[in-house]
Amino acid sequence: MLRTVLRSGGALLKHSQRTVPGLWVTPVQQRWASSLPMNTVVLFVPQQEAWVVERMGRFHRILEPGLNFLIPILDRIRYVQSLKEIVIDVPEQSAVSLDNVTLQIDGVLYLRILDPFKASYGVEDPEYAVTQLAQTTMRSELGKLTLDKVFRERESLNSNIVHSINQASDEWGIRCLRYEIKDIHVPPRVKESMQMQVEAERKKRATVLESEGTRESAINVAEGRKQAQILASEGQKTEQINKAAGEASAVLAKAEAKAKAIKLLSEALTKQNGNAAASLSVAEQYVAAFSNLAKESNTIILPSNTGDISSMVTQAMTIYSTLLKTTALINEALKHDS
């Protein structure tokens with residue numbers, strides 16, 4: 001029974017399609033009608049597709065994915081909208097930048113149908129309308145930028161184009177997801193001038209880097225010399241300090257040794273027979289001194305009483321007693337300081 005109904009419905013649908021006048025169908029509708037499914041009463045709608053159904057020439061409903069039933073002859077599938085993301089290639093076109101440079105630019109547009117009803121009845125050809133809108137918007141946005149900014153601000157240019165398209169395509173039930181510029185072609189002369197500008201900029205950077213390297217090298221050399229002079233002066237300072245400390249230690253050691261010698265001498269003289277021992281020591285030194293005079297020089301100056309040793313010893317003892325008194329004073333001073 002169901003098979004008989006389906007066959008009769010299909011036959012009636014084909015007869016109704018043949019009897020529709022050709023003036024009612026536009027070229028765009030013919031393009032869509034060539035791929036439209038037939039009303040077989042029982043229909044299976046694929047996922048991510050929306051079938052727009054008209055009943056007696058008026059919008060009736062949108063078929064959801066899955067199993068659906070239609071009335072033959074009265075119901076007709078008018079549009080089939082894909083809910084997937086659609087990629088549209090925007091043809092190459094010419095545009096003039098803010099600094100009057102003519103550019104050849106093309107792009108890719110990504111969009112999605114959000115409202116199948118608006119996409120079917122809001123615009124005649126959604127794909128063509130969005131493509132034309134993308135081209136006009138791209139020309140408008142390029143006219144606001146100079147040539148240098150077009151290359152530097154491609155992301156902002158893409159976002160501005162998407163924003164402008166979405167404002168106009170909201171009534172069509174279409175949402176522009178993103179727009180990407182593929183290629184930007186500039187005139188040959190402009191390209192040559194840009195290449196010369198790039199080379200000049202690179203030479204400038206190389207010169208600046210070379211001068212900075214020379215400056216850094218000179219600064220490093222001067223800093224090295226400065227550090228060397230500082231280290232040399234610190235070395236000399238340390239050497240002088242050490243030398244002075246050594247000389248002071250030597251003088252102090254000599255003074256201490258002399259003080260000890262004087263102390264020992266004074267202690268020896270205060271003992272018994274100390275004067276006799278001192279007289280003997282002076283006499284021995286006297287004889288030794290005269291014996292060495294002839295060895296060191298040919299000219300000898302002798303006192304008048306050279307042969308009188310006793311008088312010489314007496315004079316030496318007088319001097320010696322004076323030394324003893326001085327030694328005693330020194331010892332008292334040392335004891336007072338301690």
# chains A, B, ... in the order shown; residues from 1 in each chain; ligands from 1

$ select_by_dssp --residues "region 14-195 of chain A" --states "strand (DSSP E)" --output "NGL selection string"
:A and (42-45 or 49-55 or 58-63 or 66-69 or 75-82 or 86-96 or 102-113 or 174-185)

$ residues_around --residues "Leu67 (chain A)" --least-positions-apart "2" --cutoff "12 Å" --atoms "only C-alpha atoms" --output "ChimeraX atom specification"
/A:41-47,63-65,69-70

$ atom_distance --atom1 "CA of Thr146 (chain A)" --atom2 "CA of Asp99 (chain A)"
5.4 Å

$ atom_distance --atom1 "CA of Ala222 (chain A)" --atom2 "CA of Gln236 (chain A)"
20.9 Å

$ atom_distance --atom1 "CA of Trp51 (chain A)" --atom2 "CA of Tyr79 (chain A)"
5.9 Å

$ residues_around --residues "Ile77 (chain A)" --least-positions-apart "6" --cutoff "10 Å" --atoms "only C-alpha atoms" --output "list of chain:residue names"
A:Ala33, A:Leu36, A:Pro37, A:Met38, A:Asn39, A:Trp51, A:Val52, A:Val53, A:Glu54, A:Arg55, A:Phe59, A:His60, A:Arg61, A:Ile62, A:Leu63, A:Leu70

$ decode --residues "region 148-233 of chain A" --atoms "C-alpha atoms" --output "PDB file, in the first residue's frame"
ATOM      1  CA  ASP A 148      53.385  49.857   4.994  1.00  0.00           C
ATOM      2  CA  LYS A 149      50.484  49.396   7.410  1.00  0.00           C
ATOM      3  CA  VAL A 150      48.741  46.979   5.048  1.00  0.00           C
ATOM      4  CA  PHE A 151      51.617  44.510   5.492  1.00  0.00           C
ATOM      5  CA  ARG A 152      52.034  45.154   9.208  1.00  0.00           C
ATOM      6  CA  GLU A 153      48.362  45.124  10.221  1.00  0.00           C
ATOM      7  CA  ARG A 154      46.939  42.204   8.282  1.00  0.00           C
ATOM      8  CA  GLU A 155      45.314  40.725  11.392  1.00  0.00           C
ATOM      9  CA  SER A 156      43.521  43.951  12.284  1.00  0.00           C
ATOM     10  CA  LEU A 157      42.514  44.342   8.627  1.00  0.00           C
ATOM     11  CA  ASN A 158      41.022  40.839   8.623  1.00  0.00           C
ATOM     12  CA  SER A 159      39.108  41.465  11.851  1.00  0.00           C
ATOM     13  CA  ASN A 160      37.716  44.767  10.520  1.00  0.00           C
ATOM     14  CA  ILE A 161      36.499  43.057   7.355  1.00  0.00           C
ATOM     15  CA  VAL A 162      34.804  40.301   9.396  1.00  0.00           C
ATOM     16  CA  HIS A 163      33.110  42.888  11.622  1.00  0.00           C
ATOM     17  CA  SER A 164      31.808  44.862   8.644  1.00  0.00           C
ATOM     18  CA  ILE A 165      30.514  41.745   6.890  1.00  0.00           C
ATOM     19  CA  ASN A 166      28.686  40.524  10.001  1.00  0.00           C
ATOM     20  CA  GLN A 167      26.915  43.865  10.395  1.00  0.00           C
ATOM     21  CA  ALA A 168      25.462  43.585   6.876  1.00  0.00           C
ATOM     22  CA  SER A 169      24.896  39.824   6.736  1.00  0.00           C
ATOM     23  CA  ASP A 170      22.931  39.581   9.972  1.00  0.00           C
ATOM     24  CA  GLU A 171      19.667  40.000   8.035  1.00  0.00           C
ATOM     25  CA  TRP A 172      20.671  37.124   5.758  1.00  0.00           C
ATOM     26  CA  GLY A 173      21.080  34.593   8.573  1.00  0.00           C
ATOM     27  CA  ILE A 174      24.787  34.212   7.767  1.00  0.00           C
ATOM     28  CA  ARG A 175      27.665  34.566  10.213  1.00  0.00           C
ATOM     29  CA  CYS A 176      31.165  35.357   8.927  1.00  0.00           C
ATOM     30  CA  LEU A 177      33.643  33.453  11.085  1.00  0.00           C
ATOM     31  CA  ARG A 178      36.921  34.779   9.709  1.00  0.00           C
ATOM     32  CA  TYR A 179      38.529  36.323   6.665  1.00  0.00           C
ATOM     33  CA  GLU A 180      42.099  35.683   5.561  1.00  0.00           C
ATOM     34  CA  ILE A 181      44.058  37.669   2.982  1.00  0.00           C
ATOM     35  CA  LYS A 182      45.938  35.263   0.716  1.00  0.00           C
ATOM     36  CA  ASP A 183      48.160  37.372  -1.519  1.00  0.00           C
ATOM     37  CA  ILE A 184      48.954  41.057  -1.893  1.00  0.00           C
ATOM     38  CA  HIS A 185      50.539  42.068  -5.184  1.00  0.00           C
ATOM     39  CA  VAL A 186      52.122  45.490  -5.622  1.00  0.00           C
ATOM     40  CA  PRO A 187      53.243  47.178  -8.879  1.00  0.00           C
ATOM     41  CA  PRO A 188      56.778  46.318 -10.072  1.00  0.00           C
ATOM     42  CA  ARG A 189      58.137  49.830  -9.511  1.00  0.00           C
ATOM     43  CA  VAL A 190      56.746  49.964  -6.002  1.00  0.00           C
ATOM     44  CA  LYS A 191      58.207  46.542  -5.349  1.00  0.00           C
ATOM     45  CA  GLU A 192      61.645  47.724  -6.523  1.00  0.00           C
ATOM     46  CA  SER A 193      61.455  50.811  -4.321  1.00  0.00           C
ATOM     47  CA  MET A 194      60.426  48.651  -1.370  1.00  0.00           C
ATOM     48  CA  GLN A 195      63.377  46.356  -2.036  1.00  0.00           C
ATOM     49  CA  MET A 196      65.735  49.361  -2.152  1.00  0.00           C
ATOM     50  CA  GLN A 197      64.232  50.629   1.086  1.00  0.00           C
ATOM     51  CA  VAL A 198      64.780  47.264   2.725  1.00  0.00           C
ATOM     52  CA  GLU A 199      68.404  47.148   1.527  1.00  0.00           C
ATOM     53  CA  ALA A 200      69.019  50.692   2.782  1.00  0.00           C
ATOM     54  CA  GLU A 201      67.504  49.788   6.136  1.00  0.00           C
ATOM     55  CA  ARG A 202      69.715  46.717   6.373  1.00  0.00           C
ATOM     56  CA  LYS A 203      72.823  48.740   5.505  1.00  0.00           C
ATOM     57  CA  LYS A 204      71.825  51.288   8.121  1.00  0.00           C
ATOM     58  CA  ARG A 205      71.436  48.592  10.740  1.00  0.00           C
ATOM     59  CA  ALA A 206      74.775  47.064   9.754  1.00  0.00           C
ATOM     60  CA  THR A 207      76.503  50.445  10.056  1.00  0.00           C
ATOM     61  CA  VAL A 208      74.876  51.116  13.409  1.00  0.00           C
ATOM     62  CA  LEU A 209      75.843  47.683  14.688  1.00  0.00           C
ATOM     63  CA  GLU A 210      79.408  48.125  13.454  1.00  0.00           C
ATOM     64  CA  SER A 211      79.710  51.531  15.142  1.00  0.00           C
ATOM     65  CA  GLU A 212      78.250  50.126  18.347  1.00  0.00           C
ATOM     66  CA  GLY A 213      80.747  47.271  18.196  1.00  0.00           C
ATOM     67  CA  THR A 214      83.648  49.715  17.708  1.00  0.00           C
ATOM     68  CA  ARG A 215      82.401  51.804  20.613  1.00  0.00           C
ATOM     69  CA  GLU A 216      82.035  48.790  22.855  1.00  0.00           C
ATOM     70  CA  SER A 217      85.517  47.628  21.877  1.00  0.00           C
ATOM     71  CA  ALA A 218      87.038  51.043  22.697  1.00  0.00           C
ATOM     72  CA  ILE A 219      85.148  51.126  25.994  1.00  0.00           C
ATOM     73  CA  ASN A 220      86.383  47.662  26.868  1.00  0.00           C
ATOM     74  CA  VAL A 221      89.996  48.558  26.021  1.00  0.00           C
ATOM     75  CA  ALA A 222      89.801  51.762  28.073  1.00  0.00           C
ATOM     76  CA  GLU A 223      88.174  49.902  30.932  1.00  0.00           C
ATOM     77  CA  GLY A 224      90.900  47.270  30.778  1.00  0.00           C
ATOM     78  CA  ARG A 225      93.645  49.891  30.881  1.00  0.00           C
ATOM     79  CA  LYS A 226      91.907  51.630  33.758  1.00  0.00           C
ATOM     80  CA  GLN A 227      91.642  48.401  35.702  1.00  0.00           C
ATOM     81  CA  ALA A 228      95.298  47.613  34.938  1.00  0.00           C
ATOM     82  CA  GLN A 229      96.412  51.025  36.228  1.00  0.00           C
ATOM     83  CA  ILE A 230      94.255  50.636  39.323  1.00  0.00           C
ATOM     84  CA  LEU A 231      95.687  47.194  40.011  1.00  0.00           C
ATOM     85  CA  ALA A 232      99.255  48.446  39.387  1.00  0.00           C
ATOM     86  CA  SER A 233      98.766  51.387  41.745  1.00  0.00           C
TER      87      SER A 233
END
